[in-house]
Every structure is written in structure tokens, then in C-alpha cells.
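Student: Following this line is run_12.cif, made up of mmCIF, C-alpha atoms:
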data_start
#
loop_
_atom_site.group_PDB
_atom_site.id
_atom_site.type_symbol
_atom_site.label_atom_id
_atom_site.label_comp_id
_atom_site.auth_asym_id
_atom_site.auth_seq_id
_atom_site.Cartn_x
_atom_site.Cartn_y
_atom_site.Cartn_z
ATOM 1 C CA MET E 1 -30.248 9.697 -64.380
ATOM 2 C CA THR E 2 -28.853 7.640 -67.251
ATOM 3 C CA ASP E 3 -27.042 10.754 -68.448
ATOM 4 C CA ASN E 4 -25.339 10.969 -65.064
ATOM 5 C CA ILE E 5 -24.281 7.300 -65.191
ATOM 6 C CA THR E 6 -22.914 7.801 -68.701
ATOM 7 C CA LYS E 7 -20.781 10.738 -67.503
ATOM 8 C CA GLN E 8 -19.442 8.675 -64.607
ATOM 9 C CA LYS E 9 -18.519 5.802 -66.939
ATOM 10 C CA LYS E 10 -16.652 8.190 -69.265
ATOM 11 C CA HIS E 11 -14.809 9.723 -66.306
ATOM 12 C CA LEU E 12 -13.883 6.241 -65.057
ATOM 13 C CA LYS E 13 -12.586 5.222 -68.514
ATOM 14 C CA ARG E 14 -10.380 8.375 -68.665
ATOM 15 C CA ALA E 15 -8.991 7.650 -65.193
ATOM 16 C CA VAL E 16 -8.171 4.055 -66.179
ATOM 17 C CA LYS E 17 -6.466 5.266 -69.381
ATOM 18 C CA LYS E 18 -4.355 7.731 -67.362
ATOM 19 C CA LYS E 19 -3.258 4.958 -64.980
ATOM 20 C CA ASN E 20 -2.224 2.771 -67.894
ATOM 21 C CA SER E 21 -0.267 5.519 -69.641
ATOM 22 C CA PRO E 22 3.535 5.104 -69.859
ATOM 23 C CA LEU E 23 4.087 8.465 -68.126
ATOM 24 C CA TYR E 24 1.979 7.381 -65.146
ATOM 25 C CA ASN E 25 3.867 4.062 -64.894
ATOM 26 C CA ILE E 26 7.262 5.780 -65.070
ATOM 27 C CA LEU E 27 6.208 8.280 -62.409
ATOM 28 C CA MET E 28 4.991 5.479 -60.120
ATOM 29 C CA VAL E 29 8.277 3.550 -60.511
ATOM 30 C CA ILE E 30 10.251 6.708 -59.673
ATOM 31 C CA LEU E 31 8.105 7.449 -56.614
ATOM 32 C CA ILE E 32 8.351 3.869 -55.351
ATOM 33 C CA GLY E 33 12.125 4.036 -55.865
ATOM 34 C CA ILE E 34 12.348 7.264 -53.845
ATOM 35 C CA ILE E 35 10.279 5.735 -51.032
ATOM 36 C CA CYS E 36 12.483 2.621 -50.944
ATOM 37 C CA TYR E 37 15.715 4.656 -51.028
ATOM 38 C CA SER E 38 14.471 6.953 -48.244
ATOM 39 C CA GLY E 39 13.369 3.990 -46.126
ATOM 40 C CA PHE E 40 16.775 2.342 -46.582
ATOM 41 C CA ASN E 41 18.587 5.519 -45.497
ATOM 42 C CA ILE E 42 16.359 5.996 -42.456
ATOM 43 C CA GLY E 43 16.969 2.380 -41.481
ATOM 44 C CA LYS E 44 20.706 2.884 -41.910
ATOM 45 C CA ILE E 45 20.666 5.917 -39.599
ATOM 46 C CA PHE E 46 18.742 3.980 -36.938
ATOM 47 C CA TYR E 47 21.259 1.143 -37.224
ATOM 48 C CA ILE E 48 24.213 3.543 -36.853
ATOM 49 C CA TYR E 49 22.669 5.018 -33.693
ATOM 50 C CA TYR E 50 21.962 1.509 -32.380
ATOM 51 C CA ALA E 51 25.537 0.361 -33.106
ATOM 52 C CA GLY E 52 26.928 3.432 -31.334
ATOM 53 C CA SER E 53 24.753 2.808 -28.278
ATOM 54 C CA GLN E 54 25.846 -0.832 -28.174
ATOM 55 C CA ALA E 55 29.500 0.208 -28.405
ATOM 56 C CA TYR E 56 29.121 2.562 -25.436
ATOM 57 C CA THR E 57 27.319 -0.113 -23.422
ATOM 58 C CA GLN E 58 30.372 -2.325 -24.034
ATOM 59 C CA VAL E 59 32.686 0.498 -22.913
ATOM 60 C CA GLN E 60 30.679 0.874 -19.706
ATOM 61 C CA THR E 61 31.054 -2.854 -19.093
ATOM 62 C CA LEU E 62 34.781 -2.643 -19.842
ATOM 63 C CA ALA E 63 35.112 0.221 -17.345
ATOM 64 C CA GLY E 64 33.091 -1.629 -14.709
ATOM 65 C CA VAL E 65 30.346 0.995 -14.841
ATOM 66 C CA LYS E 66 26.643 0.202 -14.597
ATOM 67 C CA GLU E 67 24.539 1.905 -17.270
ATOM 68 C CA GLU E 68 22.190 3.850 -14.976
ATOM 69 C CA LYS E 69 24.258 4.018 -11.777
ATOM 70 C CA GLU E 70 26.924 6.400 -10.591
ATOM 71 C CA PRO E 71 30.380 4.987 -11.263
ATOM 72 C CA GLU E 72 32.146 3.835 -8.123
ATOM 73 C CA ASN E 73 35.439 2.425 -9.333
ATOM 74 C CA ILE E 74 36.110 3.120 -12.981
ATOM 75 C CA ASN E 75 38.693 0.740 -14.353
ATOM 76 C CA PHE E 76 40.915 3.318 -16.042
ATOM 77 C CA ASP E 77 43.740 0.786 -16.482
ATOM 78 C CA THR E 78 41.558 -1.375 -18.739
ATOM 79 C CA LEU E 79 40.189 1.660 -20.576
ATOM 80 C CA LEU E 80 43.679 3.039 -21.210
ATOM 81 C CA LYS E 81 44.846 -0.334 -22.562
ATOM 82 C CA GLU E 82 41.957 -0.281 -25.050
ATOM 83 C CA ASN E 83 42.352 3.395 -25.921
ATOM 84 C CA PRO E 84 45.230 5.559 -24.626
ATOM 85 C CA ASP E 85 43.236 8.704 -25.517
ATOM 86 C CA VAL E 86 41.047 8.296 -22.390
ATOM 87 C CA LYS E 87 41.315 11.320 -20.107
ATOM 88 C CA GLY E 88 38.304 10.858 -17.872
ATOM 89 C CA TRP E 89 34.690 9.871 -17.433
ATOM 90 C CA VAL E 90 31.614 12.128 -17.243
ATOM 91 C CA TYR E 91 28.472 11.266 -15.290
ATOM 92 C CA LEU E 92 25.214 13.148 -14.678
ATOM 93 C CA LYS E 93 22.911 11.524 -12.120
ATOM 94 C CA ASN E 94 19.410 10.547 -13.340
ATOM 95 C CA SER E 95 20.326 11.027 -16.993
ATOM 96 C CA ASN E 96 22.000 8.955 -19.690
ATOM 97 C CA ILE E 97 25.252 10.951 -19.528
ATOM 98 C CA ASN E 98 27.718 8.260 -18.481
ATOM 99 C CA TYR E 99 30.610 8.253 -20.976
ATOM 100 C CA PRO E 100 34.378 8.203 -21.300
ATOM 101 C CA ILE E 101 36.077 11.478 -22.174
ATOM 102 C CA LEU E 102 38.717 11.245 -24.873
ATOM 103 C CA GLN E 103 41.319 13.556 -26.412
ATOM 104 C CA ALA E 104 42.974 13.295 -29.821
ATOM 105 C CA LYS E 105 45.588 15.305 -31.694
ATOM 106 C CA ASP E 106 42.804 17.364 -33.324
ATOM 107 C CA ASN E 107 39.147 18.120 -32.679
ATOM 108 C CA ALA E 108 37.947 16.368 -35.841
ATOM 109 C CA PHE E 109 38.967 12.816 -34.908
ATOM 110 C CA TYR E 110 36.385 12.004 -32.208
ATOM 111 C CA LEU E 111 33.732 14.202 -33.766
ATOM 112 C CA ARG E 112 32.529 11.151 -35.726
ATOM 113 C CA ARG E 113 34.360 8.284 -34.025
ATOM 114 C CA LEU E 114 33.482 6.087 -31.079
ATOM 115 C CA PHE E 115 35.695 5.002 -28.182
ATOM 116 C CA ASN E 116 36.947 2.104 -30.324
ATOM 117 C CA LYS E 117 37.907 4.643 -33.042
ATOM 118 C CA GLU E 118 35.341 3.274 -35.516
ATOM 119 C CA TRP E 119 33.388 5.820 -37.565
ATOM 120 C CA ASN E 120 29.928 6.579 -36.200
ATOM 121 C CA ILE E 121 27.777 9.694 -36.453
ATOM 122 C CA LYS E 122 27.367 9.743 -32.644
ATOM 123 C CA GLY E 123 31.015 10.518 -32.123
ATOM 124 C CA SER E 124 32.444 10.717 -28.608
ATOM 125 C CA ILE E 125 32.696 13.086 -25.692
ATOM 126 C CA PHE E 126 36.118 14.674 -26.134
ATOM 127 C CA ILE E 127 38.431 17.391 -24.872
ATOM 128 C CA ASP E 128 39.753 20.191 -27.070
ATOM 129 C CA TYR E 129 43.157 19.128 -28.398
ATOM 130 C CA ARG E 130 44.661 22.455 -27.234
ATOM 131 C CA ASN E 131 44.096 21.585 -23.555
ATOM 132 C CA THR E 132 47.570 20.392 -22.587
ATOM 133 C CA ASN E 133 46.671 19.463 -18.989
ATOM 134 C CA PRO E 134 43.012 18.422 -19.059
ATOM 135 C CA PHE E 135 41.177 19.143 -15.808
ATOM 136 C CA GLU E 136 44.353 20.549 -14.256
ATOM 137 C CA SER E 137 44.628 23.804 -16.195
ATOM 138 C CA PHE E 138 42.264 26.774 -15.669
ATOM 139 C CA ASN E 139 39.810 25.753 -18.433
ATOM 140 C CA THR E 140 39.110 22.390 -19.963
ATOM 141 C CA VAL E 141 36.810 22.476 -22.974
ATOM 142 C CA VAL E 142 34.735 19.325 -23.400
ATOM 143 C CA TYR E 143 32.723 18.676 -26.572
ATOM 144 C CA GLY E 144 29.869 16.297 -27.284
ATOM 145 C CA HIS E 145 26.928 15.933 -29.649
ATOM 146 C CA LYS E 146 23.254 16.526 -29.099
ATOM 147 C CA VAL E 147 22.285 13.309 -30.864
ATOM 148 C CA GLN E 148 18.796 12.754 -32.303
ATOM 149 C CA ASP E 149 18.291 9.524 -30.339
ATOM 150 C CA GLY E 150 18.610 11.389 -27.030
ATOM 151 C CA THR E 151 22.050 10.065 -26.056
ATOM 152 C CA MET E 152 25.475 11.686 -25.634
ATOM 153 C CA PHE E 153 25.021 15.346 -24.537
ATOM 154 C CA SER E 154 21.383 15.610 -25.658
ATOM 155 C CA GLN E 155 20.325 15.747 -22.013
ATOM 156 C CA LEU E 156 22.112 19.102 -21.609
ATOM 157 C CA ALA E 157 19.376 20.777 -23.671
ATOM 158 C CA LYS E 158 17.026 20.042 -20.761
ATOM 159 C CA TYR E 159 18.790 22.700 -18.699
ATOM 160 C CA LYS E 160 16.413 25.185 -20.311
ATOM 161 C CA ASP E 161 13.799 23.747 -17.935
ATOM 162 C CA LYS E 162 14.184 25.166 -14.421
ATOM 163 C CA ASN E 163 12.935 21.933 -12.800
ATOM 164 C CA PHE E 164 15.592 19.893 -14.615
ATOM 165 C CA TYR E 165 18.259 22.391 -13.551
ATOM 166 C CA GLU E 166 17.117 22.291 -9.924
ATOM 167 C CA THR E 167 17.416 18.484 -9.814
ATOM 168 C CA HIS E 168 20.645 18.259 -11.869
ATOM 169 C CA LYS E 169 22.872 21.029 -10.520
ATOM 170 C CA ASN E 170 25.936 18.809 -10.236
ATOM 171 C CA MET E 171 27.828 16.663 -12.699
ATOM 172 C CA THR E 172 30.764 14.428 -11.863
ATOM 173 C CA ILE E 173 33.959 14.070 -13.863
ATOM 174 C CA TYR E 174 36.330 11.275 -12.961
ATOM 175 C CA THR E 175 39.966 11.132 -14.016
ATOM 176 C CA PRO E 176 42.456 8.377 -13.209
ATOM 177 C CA LYS E 177 43.653 10.548 -10.283
ATOM 178 C CA ILE E 178 40.801 12.798 -9.118
ATOM 179 C CA LYS E 179 37.005 12.962 -8.874
ATOM 180 C CA TYR E 180 35.617 16.415 -9.744
ATOM 181 C CA ASN E 181 32.186 17.624 -8.669
ATOM 182 C CA VAL E 182 31.152 20.165 -11.288
ATOM 183 C CA GLU E 183 28.478 22.709 -10.439
ATOM 184 C CA ILE E 184 26.302 23.612 -13.435
ATOM 185 C CA PHE E 185 25.563 27.336 -13.430
ATOM 186 C CA GLY E 186 24.005 27.803 -16.851
ATOM 187 C CA GLY E 187 22.825 26.114 -19.993
ATOM 188 C CA VAL E 188 21.505 27.097 -23.395
#
Show this structure as C-alpha cells.
Tutor:
Amino acid sequence: MTDNITKQKKHLKRAVKKKNSPLYNILMVILIGIICYSGFNIGKIFYIYYAGSQAYTQVQTLAGVKEEKEPENINFDTLLKENPDVKGWVYLKNSNINYPILQAKDNAFYLRRLFNKEWNIKGSIFIDYRNTNPFESFNTVVYGHKVQDGTMFSQLAKYKDKNFYETHKNMTIYTPKIKYNVEIFGGV
């Protein structure tokens, strides 16, 4: 029994020596640094998503649109004064798709910019720059992100579920002149 206790004491002394070694201390400082750096970056990403969501809530207020309700009278005059790139508004009932649609001189601009043109990873919903008459020509290509926080066009991924499709067959696109009822016929 005493032999067993002696072995345990020796093992404990070796473990304490290893923890006090310079290599162990350097490794611990590096690992703590990596954890702190990673935590900072994760926090920064959450803040960017939060700031983007707040910006779009302000745009909805500016447009006279309620966050969860179908737009009735979108104030396109006010939106166009704030950003002349506004071409329309997209809304999907019982989802969080309720955003302005923008168009720039290239497809890169609104890829990582909000309505107010500030950089944000969320980007905006935007029309392909090659569409010269959006919503009036044969095809209008509209882009948007599937964002990790579930906003923007993330809801479109739910069309894989038949029940979601059955209850969300129609989307509405508003322009300053016309209201379009869009029938969804497929999703990937």
C-alpha cells in the first residue's frame, strides 16, 4: 500500500513539474490567446449581423412598413430620396422576407452593402445590373444572401419542405408603379 502511495506522489510531482515548465506556460499563453482572438471574432460577426438587422428595421420604418405585416403603402418617395437605387420591395407572407430591392452599376456593390450603402456582410437584395427594365422585361434576376442568422433570403431554403411550399406559394414584389404577385414554382 505504501508503495502505491509513493508511486502516486512521484506521478504528482512529475505532473506539477510539467505544468511549471516554460514550454507548458508558453503553450497555455498561446492557447488562451487563440481562444480570446476567436471569441472576439465571433462577437464581431454577431455584432455585424445585429447592425445589419437594425439597419433594415430602420429602412422598414422609413418605408412605412411593419416588420411582420404585409406592406400596404410603401413610401417609395422617401426611399428613393434616401437611396436612388431602390427598384422595388419584396415580401413573403409569414416569413422574414420584407426588404427593399436595389440595383447598382455592378453586381458586386450590394453584395456586401446595406440599403444605406455601408459595408455589411449581410448585403442587400438586389437586381442584376444587366436588367435594364427591372420587372418590365421578360426576366428580372434578383439576388440575395442566405445569411447565417436566418434573415435576408435564408427562408428560401425552406422550399425544400413541401409543407412550407404549400403555405408559401406566392411572394409579392412591389415597385413604385405596380404590385406583382409572384407564384413560386420551385426551389433548391
Student: Would you work out the distance separating atom CA of E:Leu92 from atom CA of E:Thr151, expressed in Å to one decimal?
Tutor: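 Atom-to-atom, atom CA of E:Leu92 to atom CA of E:Thr151, that is 12.2 Å.
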Student: Can you list, as a PDB file with C-alpha atoms, in the coordinates of the input, every protein, DNA or RNA residue that comes within 12 Å of E:Thr172 when you count all atoms listed in the file, leaving out same-chain residues fewer than 3 positions away?
Tutor:
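Result saved to selection_13.pdb:
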ATOM      1  CA  GLU E  70      26.924   6.400 -10.591  1.00  0.00           C
ATOM      2  CA  PRO E  71      30.380   4.987 -11.263  1.00  0.00           C
ATOM      3  CA  GLU E  72      32.146   3.835  -8.123  1.00  0.00           C
ATOM      4  CA  GLY E  88      38.304  10.858 -17.872  1.00  0.00           C
ATOM      5  CA  TRP E  89      34.690   9.871 -17.433  1.00  0.00           C
ATOM      6  CA  VAL E  90      31.614  12.128 -17.243  1.00  0.00           C
ATOM      7  CA  TYR E  91      28.472  11.266 -15.290  1.00  0.00           C
ATOM      8  CA  LEU E  92      25.214  13.148 -14.678  1.00  0.00           C
ATOM      9  CA  LYS E  93      22.911  11.524 -12.120  1.00  0.00           C
ATOM     10  CA  ILE E  97      25.252  10.951 -19.528  1.00  0.00           C
ATOM     11  CA  ASN E  98      27.718   8.260 -18.481  1.00  0.00           C
ATOM     12  CA  TYR E  99      30.610   8.253 -20.976  1.00  0.00           C
ATOM     13  CA  PRO E 100      34.378   8.203 -21.300  1.00  0.00           C
ATOM     14  CA  ILE E 101      36.077  11.478 -22.174  1.00  0.00           C
ATOM     15  CA  HIS E 168      20.645  18.259 -11.869  1.00  0.00           C
ATOM     16  CA  LYS E 169      22.872  21.029 -10.520  1.00  0.00           C
ATOM     17  CA  THR E 175      39.966  11.132 -14.016  1.00  0.00           C
ATOM     18  CA  ILE E 178      40.801  12.798  -9.118  1.00  0.00           C
ATOM     19  CA  LYS E 179      37.005  12.962  -8.874  1.00  0.00           C
ATOM     20  CA  TYR E 180      35.617  16.415  -9.744  1.00  0.00           C
ATOM     21  CA  ASN E 181      32.186  17.624  -8.669  1.00  0.00           C
ATOM     22  CA  VAL E 182      31.152  20.165 -11.288  1.00  0.00           C
ATOM     23  CA  GLU E 183      28.478  22.709 -10.439  1.00  0.00           C
ATOM     24  CA  ILE E 184      26.302  23.612 -13.435  1.00  0.00           C
TER      25      ILE E 184
END
Student: Which distance in Å separates atom CA of E:Gln148 and atom CA of E:Ile121, to one decimal?
Tutor: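 Computing the Euclidean distance for atom CA of E:Gln148 and atom CA of E:Ile121 yields 10.4 Å.
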Student: Draw an axis-aligned box over all listed atoms of stretch 91-95 of chain E, pad each side with 8 Å, and write its centre and edge lengths in Å, one decimal, as JSON.
Tutor:
{"center_x": 23.9, "center_y": 11.8, "center_z": -14.6, "size_x": 25.1, "size_y": 18.6, "size_z": 20.9}
Student: Excluding stretch 132-135 of chain E and residues on its chain fewer than 2 positions from it, collect all residues at most 10 Å away from it, counting all atoms listed in the file, and give them as JSON, numbers by chain.
Tutor: {"E": [87, 88, 103, 127, 128, 129, 130, 137, 138, 139, 140, 141, 142, 173, 174, 175, 178, 180]}
Student: Closest to E:Met152 among E:Phe109, E:Val65, E:Ile26, E:Ser95, using all atoms listed in the file?
Tutor: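 Residue with the minimum atom-to-atom distance to E:Met152: E:Ser95.
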Student: Quick one: residues within 9 Å of stretch 38-50 of chain E, only C-alpha atoms, excluding same-chain residues fewer than 2 positions away - as number ranges by chain?
Tutor: E: 33-36, 52-55, 120-122, 147-149
Student: Could you list, as a list in words, every residue within 9 Å of E:Trp119, counting all atoms listed in the file and ignoring same-chain residues fewer than 6 positions away?
Tutor: Tyr110, Arg112 and Arg113 of chain E
Student: For this file, the PyMOL selection byres ((chain E and resi 125) around 6) selects which residues, as a list in words?
Tutor: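 Applied to this file, the PyMOL selection byres ((chain E and resi 125) around 6) selects Ile101, Ser124, Phe126, Tyr143 and Gly144 of chain E.
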